[in-house]
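Here is the structure we will look at, set down as C-alpha cells.
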Amino acid sequence: ERGTIGDAACGNAPAAADGECAEVSIWALPGSGAYGKQRFERAADMVDFYTELFGPYPYEKLAHVQSSTRFGGMENSSAIFYAMGSWAEERMSEGVIAHETVHQWFGDAVTPAEWSHLWVSEGFATYFAAVYMEARDGEGALRQAMERGRQAVIGSDASNRPVVDERPDLFGLLNSNSYPKGGWILHMLRTLMGDDAFFGAIRAYYADHANGVADTEDVRRAMEEASGRELGWFFEQWAYSPGFPKLEVTATPDGDETVISVEQVQSDDWPTFRGAWLDVDVTWGSGEVERRGLWLTSRSDELRVPTQGEIQTITLDPDVRLLMEQVKNAP
Ligand SMILES: [Zn+2]
C-alpha cells in the first residue's frame with residue numbers, strides 16, 4: 001500500500017518531475033497502511049521543519065518504507081527502511097521517524113569522513129530528533145530526551161572511551177558515545193553559544209559540506225566561526241576524551257553563609273571538566289527554591305549563599321543542560 005503524507009520543502013528541494021516540492025510518502029505491506037498514515041502523520045512537517053533549520057532538503061522525495069533492516073530504521077537517501085515487525089505490530093516510535101529524517105541531511109548528504117567520527121551522523125540525528133519534539137511538543141520533550149540520553153551515557157561502559165574512537169570493530173561504534181553523547185555535545189554547544197550562533201553554525205556547516213564529507217574538526221570550525229570563540233578545549237574535553245563529570249555536592253555552614261562545594265570525583269583517567277556552567281537549585285526549609293550556579297573550573301569548585309535556615313535539597317542542573325552525574329546529594 002502506498003500512501004501520500006504530503007508535500008514538503010516546497011521551493012527548497014531539488015525539483016521533482018511533478019513540481020518543486022518533495023513528496024513524502026509511505027510504502028506499507030497490505031494491512032499496515034492505515035497505521036502508517038497515522039504514525040507518519042507529522043513526517044512531512046518534519047521535512048519542512050528541518051529544511052528551515054538546516055537548509056534545503058537534499059533529495060527529490062522522501063519515502064518511508066516498511067522493509068527489512070536489522071536496525072529500527074535505516075536511513076537510505078530518500079527511501080528510509082523501517083523494521084517490518086515493529087511497523088506491523090504498530091509499536092514504532094515517532095522518534096525513530098524524526099531520527100531517520102534528520103539523517104537525510106546529516107549522515108546522507110553530509111557523510112562522516114571516517115567511521116571514528118560517526119557521531120557527526122548519529123549524534124546529530126539523535127539531537128535534532130529531540131529538537132523537533134521541543135519545537136512541536138514543548139521544552140519538556142527536549143529535557144526528557146536529554147535526560148534519557150544522559151542516563152544511557154552514565155550507565156554505559158563505552159563512556160570509558162572517547163566519542164571520536166579509532167576502534168577496529170565498527171559495530172562497536174553503534175554505542176552511547178556516537179548516539180546520546182554525540183547529541184549531548186550539540187546540546188552543550190547550544191547552551192554555550194546561544195540559539196542564534198548555534199543554529200547559524202549548523203546551517204553554515206550543512207551548506208559547506210552538503211553532498212560531501214565532514215568530521216569533528218569541521219563541526220568545531222563551524223561553531224568557532226559562528227560564535228567567534230576558540231572551542232578546541234571543548235572538543236578536546238567532550239569528543240576526544242572519555243567520560244563526563246561525576247559531581248558530589250556538599251553544603252557546609254560558615255558564619256551566616258553556606259558553602260556549597262561541588263567536587264569532580266570521576267577517575268583520573270577522565271579529564272577535569274571545565275568551561276561548563278552548572279545550575280544549582282537550593283531548596284530551603286521554607287520550601288523556597290533559590291537558583292544559583294557556578295562554572296566548573298577544577299576538581300573542586302564552590303559557591304557561597306546567605307543561609308536562609310536549613311537546606312532541604314540541592315539539585316544540580318535542573319534544566320538538563322550539562323552531561324554529568326550527581327553522585328551524592330547533600331544534605
Ligand atoms: Zn541513526
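Note on naming: chains are A, B, ... as they come in the C-alpha cells, residues start from 1 per chain, ligands start from 1 in the order shown.
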Given 10 Å and only C-alpha atoms and all ligand atoms, residues near ligand 1 as a short mmCIF file (atom, residue, chain, number, x, y, z; two decimals) with N, CA, C and O atoms, in the first residue's frame:
data_model
loop_
_atom_site.label_atom_id
_atom_site.label_comp_id
_atom_site.auth_asym_id
_atom_site.auth_seq_id
_atom_site.Cartn_x
_atom_site.Cartn_y
_atom_site.Cartn_z
N PHE A 71 18.21 -2.99 11.93
CA PHE A 71 18.10 -1.89 12.88
C PHE A 71 16.64 -1.43 12.95
O PHE A 71 15.80 -1.89 12.20
N GLY A 72 16.35 -0.49 13.83
CA GLY A 72 15.00 0.06 13.90
C GLY A 72 14.65 0.78 12.62
O GLY A 72 13.54 0.72 12.11
N GLY A 73 15.65 1.49 12.08
CA GLY A 73 15.47 2.19 10.82
C GLY A 73 16.80 2.25 10.10
O GLY A 73 17.85 2.15 10.72
N MET A 74 16.76 2.40 8.80
CA MET A 74 17.99 2.54 8.01
C MET A 74 17.79 3.70 7.05
O MET A 74 16.87 3.69 6.23
N GLU A 75 18.68 4.69 7.18
CA GLU A 75 18.44 5.99 6.56
C GLU A 75 18.90 6.08 5.11
O GLU A 75 19.57 7.03 4.74
N VAL A 96 11.93 7.61 16.07
CA VAL A 96 12.76 6.96 15.05
C VAL A 96 12.52 7.60 13.69
O VAL A 96 13.43 7.74 12.87
N ALA A 98 11.72 10.82 13.17
CA ALA A 98 12.47 12.09 13.18
C ALA A 98 13.96 11.83 13.03
O ALA A 98 14.66 12.51 12.27
N HIS A 99 14.46 10.81 13.74
CA HIS A 99 15.89 10.47 13.69
C HIS A 99 16.32 10.15 12.25
O HIS A 99 17.30 10.71 11.74
N GLU A 100 15.58 9.26 11.60
CA GLU A 100 15.96 8.86 10.23
C GLU A 100 15.77 10.03 9.26
O GLU A 100 16.51 10.15 8.28
N THR A 101 14.81 10.89 9.53
CA THR A 101 14.60 12.05 8.66
C THR A 101 15.78 13.02 8.76
O THR A 101 16.27 13.53 7.75
N VAL A 102 16.27 13.26 9.99
CA VAL A 102 17.46 14.12 10.15
C VAL A 102 18.63 13.56 9.35
O VAL A 102 19.42 14.30 8.75
N HIS A 103 18.75 12.23 9.31
CA HIS A 103 19.86 11.60 8.58
C HIS A 103 19.89 11.97 7.10
O HIS A 103 20.94 11.85 6.46
N PHE A 106 22.11 14.90 7.66
CA PHE A 106 23.35 14.56 8.38
C PHE A 106 23.49 13.05 8.47
O PHE A 106 22.76 12.38 9.20
N GLY A 107 24.41 12.53 7.71
CA GLY A 107 24.57 11.08 7.57
C GLY A 107 24.57 10.75 6.08
O GLY A 107 25.47 10.10 5.58
N LEU A 118 31.71 8.96 13.63
CA LEU A 118 30.32 8.58 13.37
C LEU A 118 29.32 9.50 14.08
O LEU A 118 28.18 9.66 13.64
N TRP A 119 29.75 10.11 15.18
CA TRP A 119 28.81 10.95 15.93
C TRP A 119 28.30 12.12 15.10
O TRP A 119 27.20 12.62 15.36
N SER A 121 27.10 11.94 12.39
CA SER A 121 25.85 11.43 11.82
C SER A 121 24.86 11.08 12.93
O SER A 121 23.78 11.66 13.04
N GLU A 122 25.23 10.14 13.80
CA GLU A 122 24.27 9.61 14.79
C GLU A 122 23.97 10.60 15.91
O GLU A 122 22.84 10.67 16.40
N GLY A 123 24.96 11.36 16.34
CA GLY A 123 24.71 12.35 17.38
C GLY A 123 23.78 13.45 16.87
O GLY A 123 22.89 13.92 17.59
N PHE A 124 23.99 13.85 15.62
CA PHE A 124 23.12 14.87 15.01
C PHE A 124 21.68 14.35 14.91
O PHE A 124 20.72 15.05 15.22
N ALA A 125 21.54 13.09 14.44
CA ALA A 125 20.19 12.53 14.28
C ALA A 125 19.50 12.42 15.64
O ALA A 125 18.31 12.72 15.78
N THR A 126 20.26 12.01 16.65
CA THR A 126 19.70 11.88 18.00
C THR A 126 19.25 13.24 18.53
O THR A 126 18.13 13.40 19.03
N LEU A 174 28.33 1.68 17.32
CA LEU A 174 26.89 1.94 17.47
C LEU A 174 26.58 1.91 18.96
O LEU A 174 25.94 1.00 19.48
N SER A 178 28.39 7.49 20.23
CA SER A 178 28.01 8.03 18.92
C SER A 178 26.60 8.62 18.96
O SER A 178 26.33 9.62 18.30
N TYR A 179 25.71 8.01 19.74
CA TYR A 179 24.31 8.46 19.77
C TYR A 179 24.07 9.50 20.88
O TYR A 179 24.17 10.70 20.61
#
Which residues of stretch 122-216 of chain A come within 12 Å of stretch 239-251 of chain A, and what is each one's closest atom pair and distance in Å (one decimal), counting only C-alpha atoms, sorted by chain and residue number, as a Markdown table?
| residue | atom | partner | partner_atom | distance |
| --- | --- | --- | --- | --- |
| A:Gly123 | CA | A:Ala239 | CA | 11.2 |
| A:Arg150 | CA | A:Phe244 | CA | 9.9 |
| A:Gln151 | CA | A:Phe244 | CA | 11.7 |
| A:Val153 | CA | A:Gly243 | CA | 8.7 |
| A:Ile154 | CA | A:Phe244 | CA | 8.2 |
| A:Gly155 | CA | A:Gly243 | CA | 11.2 |
| A:Ser156 | CA | A:Gly243 | CA | 10.0 |
| A:Asp157 | CA | A:Gly243 | CA | 9.7 |
| A:Ala158 | CA | A:Pro242 | CA | 8.5 |
| A:Ser159 | CA | A:Gly243 | CA | 5.1 |
| A:Asn160 | CA | A:Pro242 | CA | 5.2 |
| A:Arg161 | CA | A:Pro242 | CA | 4.7 |
| A:Pro162 | CA | A:Pro242 | CA | 4.1 |
| A:Val163 | CA | A:Ala239 | CA | 5.0 |
| A:Val164 | CA | A:Tyr240 | CA | 5.6 |
| A:Asp165 | CA | A:Tyr240 | CA | 7.8 |
| A:Glu166 | CA | A:Tyr240 | CA | 10.5 |
| A:Ser176 | CA | A:Gly243 | CA | 11.3 |
| A:Asn177 | CA | A:Ala239 | CA | 8.9 |
| A:Ser178 | CA | A:Ala239 | CA | 9.8 |
| A:Lys181 | CA | A:Ala239 | CA | 8.7 |
| A:Gly182 | CA | A:Ala239 | CA | 7.9 |
| A:Gly183 | CA | A:Ala239 | CA | 11.1 |
| A:Trp184 | CA | A:Ala239 | CA | 10.3 |
| A:Ile185 | CA | A:Ala239 | CA | 7.6 |
| A:Leu186 | CA | A:Ala239 | CA | 10.7 |
| A:Met188 | CA | A:Ala239 | CA | 11.9 |
| A:Leu189 | CA | A:Ala239 | CA | 11.9 |
| A:Asp215 | CA | A:Ala239 | CA | 11.3 |
| A:Thr216 | CA | A:Ala239 | CA | 8.1 |
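The two atoms in question, atom CA of A:Arg321 and atom CA of A:Thr191, are spaced 7.0 Å apart.
Excluding A:Gly232 and any residue on its chain fewer than 4 positions from it, the residues at most 9 Å away by only C-alpha atoms are A:Glu217, A:Arg220, A:Glu224, A:Glu236, A:Gln237.
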From the options A:Gly95, A:Ser261, A:Ser116, A:Ala79, which residue's atoms come nearest to A:Leu173, counting only C-alpha atoms? A:Ser116
Set the distance at 10 Å and use only C-alpha atoms: which residues neighbour A:Leu142 once local chain neighbours fewer than 4 positions away are removed? I'd like the list as a ChimeraX atom specification. /A:127-135,137-138,146-148,187,320
Selection export as a compact mmCIF listing (two decimals), in the first residue's frame, atoms kept: C-alpha atoms:
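Result file out-v9.txt:
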# COMPACT_ATOMS: atom_id res chain seq x y z
CA TYR A 127 19.80 15.53 18.99
CA PHE A 128 17.76 17.09 16.21
CA ALA A 129 15.04 14.45 16.58
CA ALA A 130 14.65 15.82 20.11
CA VAL A 131 14.76 19.40 18.81
CA TYR A 132 11.75 18.65 16.58
CA MET A 133 9.83 17.39 19.62
CA GLU A 134 10.92 20.50 21.52
CA ALA A 135 9.59 22.78 18.78
CA ASP A 137 5.58 19.47 21.81
CA GLY A 138 7.36 21.87 24.15
CA MET A 146 18.26 14.64 27.10
CA GLU A 147 17.67 13.02 30.48
CA ARG A 148 17.16 9.62 28.81
CA HIS A 187 23.15 20.31 23.29
CA VAL A 320 19.24 19.23 32.00
I'd like the neighbourhood of A:Val65 as a PyMOL selection string, where a residue qualifies if any of its atoms comes within 10 Å (using only C-alpha atoms), though same-chain residues fewer than 4 positions away should be ignored. chain A and resi 2+25-29+36+73-74+79-84+87
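Of all the residues in stretch 171-266 of chain A, the ones DSSP labels as strand (DSSP E or B) from the backbone are Gly212, Val213, Ala214, Lys246, Leu247, Glu248, Val249, Thr250, Ala251, Thr252, Pro253, Asp254, Glu257, Thr258, Val259, Ile260, Ser261, Val262, Glu263 and Gln264 of chain A.
Distances to A:Ser78 were evaluated for A:Ala204, A:Ala22, A:Ala113, A:Leu303 using only C-alpha atoms, and the minimum falls at A:Ala22.
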Out of stretch 90-252 of chain A, which residues get helix (DSSP H, G or I) from DSSP, as a ChimeraX atom specification? /A:94-105,115-117,119-137,139-154,157-160,170-173,177-193,195-209,216-227,232-238
Exercise: A:Asp319 partners within 10 Å, only C-alpha atoms, chain neighbours under 5 positions left out, as JSON, numbers by chain: {"A": [139, 140, 143, 144, 146, 147, 278, 279, 280]}
Would you mind exporting N, CA and C atoms of the selected residues as a tab-separated table (two decimals), in the first residue's frame?
chain	number	residue	atom	x	y	z
A	139	GLU	N	9.29	22.42	25.46
A	139	GLU	CA	10.63	22.26	26.02
A	139	GLU	C	10.79	20.98	26.85
A	140	GLY	N	9.71	20.59	27.51
A	140	GLY	CA	9.77	19.41	28.36
A	140	GLY	C	10.15	18.17	27.57
A	143	ARG	N	13.88	18.15	27.27
A	143	ARG	CA	14.51	17.81	28.56
A	143	ARG	C	14.41	16.31	28.83
A	144	GLN	N	13.24	15.75	28.54
A	144	GLN	CA	13.04	14.30	28.74
A	144	GLN	C	14.01	13.49	27.89
A	146	MET	N	16.87	14.47	26.65
A	146	MET	CA	18.26	14.64	27.10
A	146	MET	C	18.51	13.85	28.38
A	147	GLU	N	17.50	13.78	29.25
A	147	GLU	CA	17.67	13.02	30.48
A	147	GLU	C	17.82	11.52	30.17
A	278	LEU	N	27.05	25.27	35.58
A	278	LEU	CA	26.22	24.31	36.32
A	278	LEU	C	25.17	25.09	37.11
A	279	ASP	N	23.90	24.90	36.76
A	279	ASP	CA	22.83	25.49	37.57
A	279	ASP	C	22.69	24.70	38.86
A	280	VAL	N	22.49	25.42	39.96
A	280	VAL	CA	22.33	24.78	41.27
A	280	VAL	C	21.05	25.33	41.90
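Straight-line separation from atom CA of A:Gly309 to atom CA of A:Val262: 20.4 Å.
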List as a ChimeraX atom specification the protein and nucleic acid residues near A:Asp256, meaning an atom at most 8 Å away when only C-alpha atoms are counted, but skip any in the same chain fewer than 3 places from it. /A:253,306-307
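The spacing separating atom CA of A:Gly200 from atom CA of A:Ala226 amounts to 6.5 Å.
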